[in-house]
>>> print(open('run.cif').read())   # mmCIF, C-alpha atoms
data_start
#
loop_
_atom_site.label_atom_id
_atom_site.label_comp_id
_atom_site.auth_asym_id
_atom_site.auth_seq_id
_atom_site.Cartn_x
_atom_site.Cartn_y
_atom_site.Cartn_z
CA MET A 37 -8.69 27.00 -67.40
CA ALA A 38 -8.12 23.24 -67.12
CA MET A 39 -5.49 22.16 -64.58
CA ASP A 40 -2.74 19.81 -65.65
CA PRO A 41 -3.26 16.42 -63.86
CA ARG A 42 0.44 16.37 -63.05
CA GLN A 43 0.02 19.62 -61.09
CA VAL A 44 -2.87 18.13 -59.14
CA LEU A 45 -0.78 15.06 -58.26
CA ALA A 46 2.18 17.22 -57.21
CA GLY A 47 -0.07 19.29 -54.94
CA MET A 48 -1.52 16.20 -53.28
CA LEU A 49 1.96 14.79 -52.64
CA THR A 50 3.08 18.09 -51.12
CA ILE A 51 0.10 18.15 -48.71
CA SER A 52 0.75 14.51 -47.75
CA MET A 53 4.39 15.26 -46.99
CA PHE A 54 3.42 18.16 -44.69
CA ALA A 55 0.88 15.94 -42.90
CA MET A 56 3.47 13.21 -42.34
CA LEU A 57 5.98 15.75 -41.04
CA GLY A 58 3.38 17.14 -38.63
CA ASN A 59 2.61 13.65 -37.29
CA MET A 60 6.31 12.96 -36.78
CA ILE A 61 6.71 16.16 -34.76
CA ILE A 62 3.67 15.33 -32.59
CA LYS A 63 4.88 11.75 -32.03
CA ASP A 64 8.38 12.92 -31.08
CA HIS A 65 6.86 15.37 -28.60
CA PHE A 66 4.77 12.70 -26.80
CA ASP A 67 7.58 10.14 -26.90
CA TYR A 68 9.72 12.68 -25.10
CA ILE A 69 7.09 13.08 -22.40
CA GLU A 70 6.77 9.31 -22.02
CA ASP A 71 10.54 8.78 -21.87
CA GLY A 72 11.16 11.58 -19.41
CA ILE A 73 9.31 13.44 -16.70
CA ARG A 74 5.97 15.02 -17.47
CA SER A 75 6.43 18.70 -18.22
CA ASP A 76 3.52 19.78 -16.01
CA VAL A 77 4.94 18.09 -12.89
CA HIS A 78 7.47 19.91 -10.75
CA PHE A 79 9.31 18.29 -7.87
CA ASN A 80 12.74 18.57 -6.34
CA VAL A 81 14.55 15.99 -8.44
CA LEU A 82 13.57 17.34 -11.88
CA LYS A 83 16.42 16.78 -14.31
CA VAL A 84 16.46 17.22 -18.07
CA GLU A 85 18.82 15.04 -20.05
CA SER A 86 19.68 15.83 -23.68
CA GLU A 87 20.16 12.16 -24.53
CA LEU A 88 18.50 9.05 -23.21
CA PRO A 89 21.02 7.24 -20.97
CA SER A 90 21.89 3.59 -21.40
CA LYS A 91 19.69 0.95 -19.78
CA ILE A 92 20.69 -0.54 -16.44
CA ASN A 93 20.26 -4.14 -15.39
CA GLY A 94 18.92 -5.76 -12.27
CA PRO A 95 17.33 -8.99 -11.05
CA TRP A 96 13.82 -7.70 -11.79
CA GLU A 97 10.97 -10.19 -12.00
CA GLU A 98 8.06 -9.73 -14.34
CA MET A 99 4.80 -8.93 -12.58
CA LYS A 100 2.76 -12.09 -12.19
CA GLN A 101 -0.86 -12.36 -13.22
CA GLU A 102 -3.19 -10.72 -10.74
CA LEU A 103 -4.84 -13.33 -8.54
CA LYS A 104 -8.60 -13.70 -8.39
CA PRO A 105 -10.69 -13.94 -5.21
CA CYS A 106 -11.31 -17.60 -4.43
CA TRP A 107 -13.51 -17.18 -1.40
CA LYS A 108 -17.19 -18.00 -1.61
CA PRO A 109 -19.22 -14.79 -1.11
CA PRO A 110 -20.82 -14.67 2.33
CA SER A 111 -24.56 -15.29 2.33
CA LEU A 112 -26.64 -12.10 2.29
CA ILE A 113 -28.47 -10.98 5.41
CA ALA A 114 -29.87 -7.68 4.12
CA GLY A 115 -33.13 -6.67 5.77
CA ALA A 116 -32.59 -8.60 8.99
CA GLU A 117 -33.50 -6.70 12.13
CA SER A 118 -30.47 -5.42 14.04
CA ASN A 119 -29.69 -7.01 17.40
CA GLY A 120 -27.41 -4.21 18.60
CA TYR A 121 -24.46 -2.01 17.69
CA ILE A 122 -20.71 -2.49 17.29
CA THR A 123 -18.32 0.46 17.31
CA LEU A 124 -14.56 0.85 16.96
CA SER A 125 -11.88 3.30 15.89
CA LEU A 126 -9.33 2.51 13.19
CA LYS A 127 -5.85 3.24 14.54
CA SER A 128 -2.14 3.18 13.76
CA GLY A 129 -2.22 3.43 9.97
CA PRO A 130 -3.58 1.48 6.98
CA GLU A 131 -1.53 -1.62 7.79
CA PHE A 132 -3.67 -1.98 10.96
CA HIS A 133 -6.93 -0.71 9.43
CA MET A 134 -7.21 -3.83 7.24
CA PRO A 135 -7.28 -6.45 10.04
CA GLN A 136 -9.23 -4.10 12.32
CA ILE A 137 -12.12 -3.67 9.90
CA ALA A 138 -12.08 -7.40 9.10
CA VAL A 139 -12.49 -8.39 12.76
CA ALA A 140 -15.22 -5.79 13.30
CA VAL A 141 -17.25 -6.98 10.31
CA VAL A 142 -16.90 -10.65 11.35
CA ILE A 143 -18.09 -9.89 14.90
CA ALA A 144 -21.00 -7.67 13.81
CA ARG A 145 -22.14 -10.30 11.30
CA HIS A 146 -21.88 -13.11 13.86
CA LEU A 147 -23.97 -11.16 16.36
CA GLY A 148 -26.49 -9.87 13.82
CA ALA A 149 -25.51 -6.38 14.99
CA THR A 150 -25.14 -3.13 13.06
CA LEU A 151 -21.62 -1.86 12.49
CA VAL A 152 -21.27 1.84 13.19
CA LEU A 153 -19.07 3.55 10.60
CA PRO A 154 -15.69 3.74 12.34
CA ASP A 155 -13.78 6.93 12.89
CA ILE A 156 -10.02 7.12 12.48
CA ARG A 157 -7.67 8.06 15.29
CA SER A 158 -4.53 9.65 13.93
CA GLY A 159 -1.19 10.53 15.51
CA GLU A 160 0.10 10.30 19.05
CA LEU A 161 -2.72 12.46 20.39
CA GLY A 162 -5.35 10.25 18.79
CA GLN A 163 -6.95 13.02 16.75
CA LYS A 164 -10.41 11.94 15.65
CA ARG A 165 -11.06 12.08 11.91
CA ASP A 166 -13.96 10.97 9.76
CA PHE A 167 -13.73 7.72 7.82
CA GLU A 168 -14.45 9.45 4.50
CA GLU A 169 -11.53 11.84 5.01
CA TYR A 170 -9.30 8.99 3.82
CA TYR A 171 -11.44 6.21 2.38
CA ASP A 172 -14.07 5.88 -0.34
CA LEU A 173 -17.36 5.68 1.56
CA ASP A 174 -19.41 4.41 -1.39
CA LYS A 175 -16.93 1.58 -1.97
CA PHE A 176 -17.09 0.61 1.70
CA TYR A 177 -20.88 0.50 1.73
CA SER A 178 -21.23 -1.30 -1.60
CA SER A 179 -18.61 -3.99 -0.91
CA LEU A 180 -20.25 -4.94 2.41
CA TRP A 181 -23.87 -4.54 1.33
CA GLY A 182 -25.89 -7.53 2.48
CA VAL A 183 -22.95 -8.88 4.49
CA VAL A 184 -23.41 -6.60 7.48
CA ASP A 185 -25.62 -3.61 8.22
CA ILE A 186 -23.74 -0.31 8.51
CA THR A 187 -24.93 2.97 9.97
CA ARG A 188 -23.29 6.35 10.34
CA GLU A 189 -25.08 7.35 13.55
CA ILE A 190 -26.04 5.44 16.68
CA PRO A 191 -29.68 6.02 17.74
CA ALA A 192 -29.90 8.63 20.49
CA ASP A 193 -31.33 6.20 23.06
CA VAL A 194 -28.39 3.83 22.50
CA ALA A 195 -25.76 6.56 22.33
CA SER A 196 -26.84 7.83 25.75
CA GLU A 197 -25.63 4.57 27.29
CA ASN A 198 -22.03 3.50 27.81
CA PRO A 199 -20.79 0.70 25.54
CA THR A 200 -19.09 -2.35 26.96
CA VAL A 201 -15.45 -2.35 25.84
CA VAL A 202 -14.41 -5.78 24.59
CA LYS A 203 -10.80 -6.73 23.91
CA VAL A 204 -10.50 -9.03 20.89
CA PRO A 205 -7.52 -10.44 18.97
CA ASN A 206 -6.84 -9.58 15.33
CA GLN A 207 -7.96 -13.06 14.23
CA VAL A 208 -11.07 -14.72 15.66
CA SER A 209 -12.72 -18.11 15.35
CA GLU A 210 -16.34 -19.14 15.85
CA ASP A 211 -15.35 -20.85 19.09
CA PHE A 212 -13.85 -17.60 20.39
CA LEU A 213 -16.96 -15.64 19.45
CA VAL A 214 -19.34 -18.10 21.11
CA LYS A 215 -17.33 -18.34 24.34
CA ASN A 216 -16.14 -14.76 24.74
CA ILE A 217 -18.37 -12.37 22.80
CA ASP A 218 -21.87 -13.88 22.92
CA PRO A 219 -22.19 -13.81 26.75
CA ILE A 220 -21.18 -10.14 26.89
CA PHE A 221 -23.55 -9.21 24.06
CA GLU A 222 -26.42 -10.87 25.91
CA THR A 223 -26.03 -8.36 28.74
CA ASN A 224 -25.26 -5.27 26.68
CA ARG A 225 -26.15 -4.93 22.98
CA TYR A 226 -23.81 -1.96 22.57
CA LEU A 227 -20.13 -2.99 22.29
CA ARG A 228 -16.94 -1.10 21.56
CA LEU A 229 -14.08 -3.20 20.21
CA ALA A 230 -10.49 -2.83 21.38
CA ILE A 231 -8.41 -4.92 18.99
CA SER A 232 -5.14 -6.38 20.24
CA TYR A 233 -2.33 -8.07 18.31
CA PRO A 234 -1.17 -11.24 20.04
CA LEU A 235 -0.36 -12.40 16.49
CA THR A 236 2.00 -9.90 14.89
CA ASN A 237 1.92 -11.72 11.59
CA MET A 238 -0.60 -12.47 8.87
CA LYS A 239 -0.32 -16.22 8.81
CA LEU A 240 -3.70 -17.88 9.13
CA GLU A 241 -3.14 -19.03 12.70
CA VAL A 242 -6.79 -19.46 13.75
CA LYS A 243 -9.06 -22.14 12.32
CA GLN A 244 -12.07 -20.40 10.79
CA ASN A 245 -15.30 -21.71 9.35
CA ASN A 246 -16.14 -20.85 5.74
CA ASP A 247 -18.36 -17.89 6.60
CA ILE A 248 -15.79 -16.22 8.85
CA LYS A 249 -13.02 -16.89 6.32
CA SER A 250 -15.05 -15.42 3.44
CA THR A 251 -16.11 -12.40 5.48
CA THR A 252 -12.52 -11.80 6.60
CA CYS A 253 -11.22 -11.95 3.01
CA LEU A 254 -13.91 -9.61 1.72
CA ALA A 255 -13.55 -7.03 4.48
CA MET A 256 -9.75 -7.07 4.58
CA PHE A 257 -9.00 -6.95 0.86
CA SER A 258 -12.07 -5.43 -0.81
CA SER A 259 -13.73 -2.88 1.48
CA LEU A 260 -11.06 -0.21 2.03
CA GLU A 261 -10.14 1.94 -0.95
CA LEU A 262 -8.59 5.40 -0.86
CA LYS A 263 -10.83 8.35 -1.65
CA GLN A 264 -10.24 9.74 -5.12
CA GLU A 265 -8.29 12.87 -4.16
CA ILE A 266 -5.71 10.87 -2.20
CA ARG A 267 -5.56 8.12 -4.82
CA GLU A 268 -4.73 10.71 -7.50
CA VAL A 269 -1.77 11.99 -5.46
CA VAL A 270 -0.52 8.43 -4.94
CA ASP A 271 -0.81 7.79 -8.68
CA GLN A 272 1.18 10.95 -9.40
CA VAL A 273 3.97 9.95 -7.00
CA VAL A 274 4.20 6.48 -8.58
CA GLU A 275 4.22 8.07 -12.04
CA ASN A 276 7.05 10.41 -10.99
CA LEU A 277 9.10 7.49 -9.66
CA ARG A 278 8.59 5.55 -12.88
CA ALA A 279 9.63 8.61 -14.91
CA LEU A 280 12.82 8.81 -12.85
CA SER A 281 13.40 5.11 -13.62
CA ASN A 282 13.53 5.36 -17.42
CA ARG A 283 16.88 3.53 -17.43
CA SER A 284 15.21 0.48 -15.86
CA ASP A 285 12.05 0.61 -17.99
CA GLY A 286 10.14 2.44 -15.26
CA LYS A 287 10.89 -0.10 -12.53
CA PHE A 288 11.74 1.07 -9.01
CA ILE A 289 12.30 -0.34 -5.52
CA ALA A 290 10.43 0.71 -2.37
CA VAL A 291 12.24 0.28 0.95
CA ASP A 292 10.44 0.58 4.28
CA LEU A 293 13.23 2.43 6.06
CA LYS A 294 12.35 4.55 9.08
CA GLY A 295 15.50 5.71 10.83
CA GLU A 296 13.83 6.83 14.05
CA LEU A 297 12.36 3.34 14.56
CA LEU A 298 15.64 1.58 13.77
CA GLU A 299 17.40 3.72 16.38
CA LYS A 300 15.08 2.28 19.03
CA LYS A 301 15.73 -1.33 18.00
CA ALA A 302 18.77 -3.46 18.63
CA CYS A 303 19.25 -5.17 15.28
CA GLN A 304 20.57 -8.57 16.31
CA GLU A 305 21.19 -11.82 14.46
CA VAL A 306 18.41 -14.38 14.75
CA GLY A 307 19.42 -18.05 14.78
CA ALA A 308 22.28 -19.54 12.80
CA SER A 309 21.13 -18.24 9.39
CA GLY A 310 23.02 -14.97 9.72
CA ARG A 311 19.79 -12.99 9.29
CA LYS A 312 18.96 -10.12 11.61
CA ASN A 313 15.68 -8.85 12.99
CA CYS A 314 16.21 -5.48 11.30
CA TYR A 315 18.60 -3.78 8.85
CA ASN A 316 19.88 -0.24 8.52
CA GLY A 317 20.27 1.79 5.35
CA TYR A 318 23.90 0.82 4.75
CA GLU A 319 23.15 -2.90 5.10
CA ILE A 320 20.16 -2.69 2.75
CA GLY A 321 22.26 -0.80 0.20
CA GLN A 322 24.99 -3.43 0.32
CA PHE A 323 22.41 -6.20 0.06
CA LEU A 324 20.72 -4.74 -3.03
CA LYS A 325 24.06 -4.07 -4.70
CA LYS A 326 25.41 -7.58 -4.03
CA ILE A 327 22.33 -9.37 -5.42
CA GLY A 328 22.66 -7.49 -8.68
CA PHE A 329 20.80 -4.17 -8.65
CA ASP A 330 22.69 -1.41 -10.46
CA THR A 331 23.59 1.51 -8.18
CA GLU A 332 21.67 3.83 -10.55
CA THR A 333 18.40 2.06 -9.65
CA THR A 334 15.62 4.33 -8.38
CA ILE A 335 14.67 3.71 -4.74
CA TYR A 336 11.77 5.17 -2.74
CA ILE A 337 12.11 5.15 1.04
CA THR A 338 9.37 5.60 3.64
CA GLN A 339 11.59 7.89 5.72
CA THR A 340 9.88 11.29 5.51
CA TRP A 341 12.91 13.53 6.03
CA TRP A 342 16.57 12.77 5.42
CA HIS A 343 18.14 10.80 8.22
CA GLU A 344 21.60 9.28 8.77
CA ASN A 345 20.21 5.84 7.90
CA ALA A 346 18.70 7.12 4.66
CA LYS A 347 21.89 8.96 3.71
CA ALA A 348 23.89 5.74 4.12
CA LEU A 349 21.62 4.09 1.54
CA LYS A 350 21.81 7.12 -0.76
CA ASP A 351 25.62 6.98 -0.68
CA ILE A 352 25.35 3.56 -2.36
CA PHE A 353 22.26 4.26 -4.49
CA PRO A 354 22.34 8.00 -5.36
CA ARG A 355 18.87 7.86 -6.93
CA THR A 356 17.19 7.35 -3.55
CA TYR A 357 14.18 9.60 -2.87
CA THR A 358 11.89 10.54 0.00
CA LYS A 359 8.29 11.73 -0.14
CA ASP A 360 9.52 15.31 -0.13
CA ASP A 361 11.47 14.61 -3.34
CA VAL A 362 8.65 13.11 -5.38
CA LEU A 363 5.44 14.69 -4.11
CA PRO A 364 3.99 17.39 -6.37
CA ASP A 365 4.78 20.81 -4.87
CA ASP A 366 1.11 21.70 -4.39
CA GLN A 367 0.61 18.61 -2.17
CA LYS A 368 3.60 18.91 0.15
CA THR A 369 1.92 21.12 2.73
CA LYS A 370 -1.08 18.81 2.97
CA PHE A 371 0.90 15.56 3.11
CA LEU A 372 4.06 16.56 4.98
CA ARG A 373 3.46 19.71 6.99
CA SER A 374 -0.11 19.49 8.22
CA GLN A 375 0.59 17.24 11.24
CA ASN A 376 -1.71 14.72 9.54
CA VAL A 377 0.59 11.71 9.82
CA GLU A 378 -2.14 9.42 8.51
CA LEU A 379 -1.68 10.83 5.02
CA GLU A 380 2.04 10.05 5.12
CA LYS A 381 1.29 6.48 6.20
CA LEU A 382 -1.31 6.03 3.45
CA LEU A 383 1.14 7.31 0.83
CA ASP A 384 3.91 4.98 2.02
CA PHE A 385 1.56 2.01 2.17
CA GLU A 386 0.27 2.52 -1.37
CA VAL A 387 3.67 3.22 -2.96
CA CYS A 388 5.19 0.15 -1.29
CA SER A 389 2.21 -1.90 -2.50
CA GLN A 390 2.69 -0.75 -6.12
CA SER A 391 6.49 -0.73 -6.48
CA ASP A 392 8.21 -3.38 -8.59
CA VAL A 393 10.28 -4.57 -5.63
CA PHE A 394 9.53 -4.16 -1.92
CA VAL A 395 12.22 -4.46 0.77
CA PRO A 396 11.22 -4.27 4.47
CA SER A 397 13.91 -3.24 6.94
CA MET A 398 12.15 -4.94 9.87
CA PRO A 399 9.20 -7.26 10.59
CA GLY A 400 5.87 -5.83 11.66
CA MET A 401 2.36 -5.09 10.49
CA PHE A 402 3.52 -2.73 7.71
CA TYR A 403 5.47 -5.57 6.11
CA GLU A 404 2.65 -8.04 6.75
CA SER A 405 -0.14 -5.91 5.26
CA VAL A 406 1.83 -4.60 2.29
CA THR A 407 2.76 -8.20 1.47
CA GLY A 408 -0.91 -9.19 1.46
CA ARG A 409 -1.78 -6.38 -0.95
CA ARG A 410 1.14 -7.25 -3.22
CA ILE A 411 0.25 -10.96 -3.32
CA SER A 412 -3.29 -10.18 -4.46
CA SER A 413 -2.02 -7.94 -7.28
CA GLY A 414 0.75 -10.27 -8.51
CA ARG A 415 3.63 -8.08 -7.26
CA THR A 416 5.43 -10.81 -5.36
CA GLN A 417 9.07 -9.67 -5.58
CA ILE A 418 9.40 -9.00 -1.86
CA LEU A 419 13.02 -9.34 -0.79
CA ILE A 420 14.18 -9.93 2.78
CA PRO A 421 17.71 -8.58 3.36
CA ALA A 422 20.61 -10.71 4.52
CA ASN A 423 23.66 -9.80 6.56
CA PHE A 424 26.06 -8.10 4.14
CA LEU A 425 28.92 -10.23 5.48
CA ALA A 426 27.06 -13.42 4.61
CA SER A 427 26.84 -15.17 1.25
CA TYR A 428 24.11 -13.41 -0.70
CA GLY A 429 23.26 -15.81 -3.49
CA GLN A 430 20.65 -14.63 -5.99
CA ALA A 431 17.71 -12.28 -5.51
CA SER A 432 15.34 -15.25 -5.73
CA ASP A 433 17.04 -16.73 -2.64
CA HIS A 434 15.73 -13.81 -0.59
CA VAL A 435 12.05 -13.79 -1.55
CA SER A 436 9.80 -13.57 1.50
CA ALA A 437 8.65 -16.93 2.87
CA TYR A 438 5.13 -15.49 2.77
CA VAL A 439 5.49 -15.80 -1.02
CA SER A 440 7.91 -18.69 -1.57
CA GLU A 441 6.06 -20.94 0.91
CA LYS A 442 2.62 -19.31 0.48
CA LYS A 443 2.36 -18.72 4.23
CA HIS A 444 0.41 -15.46 4.06
CA LEU A 445 -3.34 -15.59 4.74
CA ALA A 446 -3.80 -13.75 1.41
CA TYR A 447 -3.22 -17.12 -0.26
CA SER A 448 -6.36 -18.40 1.48
CA CYS A 449 -8.28 -15.54 -0.13
CA PHE A 450 -6.77 -15.40 -3.63
CA CYS A 451 -5.79 -18.08 -6.10
#
>>> encode(input="run.cif", output="structure tokens")
Amino acid sequence: MAMDPRQVLAGMLTISMFAMLGNMIIKDHFDYIEDGIRSDVHFNVLKVESELPSKINGPWEEMKQELKPCWKPPSLIAGAESNGYITLSLKSGPEFHMPQIAVAVVIARHLGATLVLPDIRSGELGQKRDFEEYYDLDKFYSSLWGVVDITREIPADVASENPTVVKVPNQVSEDFLVKNIDPIFETNRYLRLAISYPLTNMKLEVKQNNDIKSTTCLAMFSSLELKQEIREVVDQVVENLRALSNRSDGKFIAVDLKGELLEKKACQEVGASGRKNCYNGYEIGQFLKKIGFDTETTIYITQTWWHENAKALKDIFPRTYTKDDVLPDDQKTKFLRSQNVELEKLLDFEVCSQSDVFVPSMPGMFYESVTGRRISSGRTQILIPANFLASYGQASDHVSAYVSEKKHLAYSCFC
């Protein structure tokens, strides 16, 4: 029996309508996931809202274009016979690991020595942990291939001897190496570095030749990358914070606020500017509010557990969260309750490096190193608080001088 063409057309239209309806349902479902919190993630601050709330304003800056390395690659020395061995331990968190590994690579390259893969000393007791427990070993090897020889083990005949411990600053020049390191290496080809910090900033204070400068840039900014398992947790925490920030288009602030450290410091005014050498949670909250951030803005703080200082900030900005609030439940034991403080430090360092705004509560290597990472990635909205009794001005008036005046050594590495 022949089918009426009008019936065929009606059937095709019906099928098309069902297909369109199905696509609309699927799209609505994924839009909901994008606008809210992923349904497969569970953490303490999970909240379902029936309607999308109104947008909130703030003096956010658009992320600038990521800078490109402008150092000339160091000349390759692969295949050269080793003159000796250089060892060290990475200590005190990722903000110190960056300059430590840079100095070690520069010294090993200058001496023509082999760098022994460093271990990591974690916590007050200096627990010894393997490098690859935190960092991507393949990335470390590949980024420094041909720049310096690296070995995992010291030959038995060398390991049986005691290394000469050499104290070196966190920035070195060729003149320093020739006068202070070469004579020691002539008498003992097995050195252990003890890195000190006479310079507690990351301004380029020491004049360096092109090779040392290039090697420093490469080692400091390109050799250390988190191992995949840790990087995935960091990515999930950042994703959770952005989901909680749907009213500000996913933007959030990271504040380096550690109450136990602030309790040990006397936060005093410095000079006639009205600025202080550190700020508590209440002062930071007042500062952010006065320069224009809505009190519904999402804030991540580096304080692990709730502290009086953190609560003072949360009273002003209720959407303030700690690691415990935004870590996936299945990672809390590993990151917060395993006595492995290095993991907490790595998480804080990475989140503060990736946030839309970073606010340090005090000077120090955490601020210095995070700033370097942010400059290289184009995240330059780094705001230095002001006394809440002073005239605040605009957010742009409080951008770190490392950025506004390009004082950070990262600007000698990226352009």
>>> atom_distance(input="run.cif", atom1="atom CA of A:Gly321", atom2="atom CA of A:Leu372")
25.6 Å
>>> residues_around(input="run.cif", residues="A:Ile337", least_positions_apart="4", cutoff="10 Å", atoms="only C-alpha atoms", output="ChimeraX atom specification")
/A:289-294,317,341-342,346,349,356-359,384,387-388,395
>>> write_last_selection(input="run.cif", atoms="C-alpha atoms", output="PDB file, in the frame of the given file")
ATOM      1  CA  ILE A 289      12.300  -0.340  -5.520  1.00  0.00           C
ATOM      2  CA  ALA A 290      10.430   0.710  -2.370  1.00  0.00           C
ATOM      3  CA  VAL A 291      12.240   0.280   0.950  1.00  0.00           C
ATOM      4  CA  ASP A 292      10.440   0.580   4.280  1.00  0.00           C
ATOM      5  CA  LEU A 293      13.230   2.430   6.060  1.00  0.00           C
ATOM      6  CA  LYS A 294      12.350   4.550   9.080  1.00  0.00           C
ATOM      7  CA  GLY A 317      20.270   1.790   5.350  1.00  0.00           C
ATOM      8  CA  TRP A 341      12.910  13.530   6.030  1.00  0.00           C
ATOM      9  CA  TRP A 342      16.570  12.770   5.420  1.00  0.00           C
ATOM     10  CA  ALA A 346      18.700   7.120   4.660  1.00  0.00           C
ATOM     11  CA  LEU A 349      21.620   4.090   1.540  1.00  0.00           C
ATOM     12  CA  THR A 356      17.190   7.350  -3.550  1.00  0.00           C
ATOM     13  CA  TYR A 357      14.180   9.600  -2.870  1.00  0.00           C
ATOM     14  CA  THR A 358      11.890  10.540   0.000  1.00  0.00           C
ATOM     15  CA  LYS A 359       8.290  11.730  -0.140  1.00  0.00           C
ATOM     16  CA  ASP A 384       3.910   4.980   2.020  1.00  0.00           C
ATOM     17  CA  VAL A 387       3.670   3.220  -2.960  1.00  0.00           C
ATOM     18  CA  CYS A 388       5.190   0.150  -1.290  1.00  0.00           C
ATOM     19  CA  VAL A 395      12.220  -4.460   0.770  1.00  0.00           C
TER      20      VAL A 395
END
>>> resolve_selection(input="run.cif", expression="the PyMOL selection byres ((chain A and resi 400) around 12)", output="PyMOL selection string")
chain A and resi 131-132+233+235-238+292+297+313-314+396-399+401-407
>>> closest_residue(input="run.cif", among="A:Asn316, A:Ser209, A:Ser158, A:Ser90", to="A:Ile143", atoms="all atoms listed in the file")
A:Ser209
>>> resolve_selection(input="run.cif", expression="the PyMOL selection byres ((chain A and resi 416) around 8)", output="tab-separated table (two decimals) with C-alpha atoms, in the frame of the given file")
chain	number	residue	atom	x	y	z
A	99	MET	CA	4.80	-8.93	-12.58
A	100	LYS	CA	2.76	-12.09	-12.19
A	393	VAL	CA	10.28	-4.57	-5.63
A	407	THR	CA	2.76	-8.20	1.47
A	410	ARG	CA	1.14	-7.25	-3.22
A	411	ILE	CA	0.25	-10.96	-3.32
A	414	GLY	CA	0.75	-10.27	-8.51
A	415	ARG	CA	3.63	-8.08	-7.26
A	417	GLN	CA	9.07	-9.67	-5.58
A	418	ILE	CA	9.40	-9.00	-1.86
A	439	VAL	CA	5.49	-15.80	-1.02
>>> resolve_selection(input="run.cif", expression="the PyMOL selection byres ((chain A and resi 239) around 10)", output="PDB file with C-alpha atoms, in the coordinates of the input")
ATOM      1  CA  GLN A 207      -7.960 -13.060  14.230  1.00  0.00           C
ATOM      2  CA  LEU A 235      -0.360 -12.400  16.490  1.00  0.00           C
ATOM      3  CA  THR A 236       2.000  -9.900  14.890  1.00  0.00           C
ATOM      4  CA  ASN A 237       1.920 -11.720  11.590  1.00  0.00           C
ATOM      5  CA  MET A 238      -0.600 -12.470   8.870  1.00  0.00           C
ATOM      6  CA  LEU A 240      -3.700 -17.880   9.130  1.00  0.00           C
ATOM      7  CA  GLU A 241      -3.140 -19.030  12.700  1.00  0.00           C
ATOM      8  CA  VAL A 242      -6.790 -19.460  13.750  1.00  0.00           C
ATOM      9  CA  GLU A 404       2.650  -8.040   6.750  1.00  0.00           C
ATOM     10  CA  TYR A 438       5.130 -15.490   2.770  1.00  0.00           C
ATOM     11  CA  LYS A 442       2.620 -19.310   0.480  1.00  0.00           C
ATOM     12  CA  LYS A 443       2.360 -18.720   4.230  1.00  0.00           C
ATOM     13  CA  HIS A 444       0.410 -15.460   4.060  1.00  0.00           C
ATOM     14  CA  LEU A 445      -3.340 -15.590   4.740  1.00  0.00           C
ATOM     15  CA  ALA A 446      -3.800 -13.750   1.410  1.00  0.00           C
ATOM     16  CA  TYR A 447      -3.220 -17.120  -0.260  1.00  0.00           C
ATOM     17  CA  SER A 448      -6.360 -18.400   1.480  1.00  0.00           C
TER      18      SER A 448
END
>>> atom_distance(input="run.cif", atom1="atom CA of A:Pro354", atom2="atom CA of A:Glu332")
6.7 Å
>>> closest_residue(input="run.cif", among="A:Asp155, A:Glu275, A:Glu168, A:Glu117", to="A:Val184", atoms="only C-alpha atoms")
A:Glu117
>>> atom_distance(input="run.cif", atom1="atom CA of A:Leu126", atom2="atom CA of A:Gly182")
22.1 Å
>>> closest_residue(input="run.cif", among="A:Asn245, A:Ser232, A:Ser196, A:Ser250", to="A:Cys106", atoms="only C-alpha atoms")
A:Ser250
>>> closest_residue(input="run.cif", among="A:Cys449, A:Glu386, A:Leu277, A:Ile320", to="A:Ala422", atoms="all atoms listed in the file")
A:Ile320
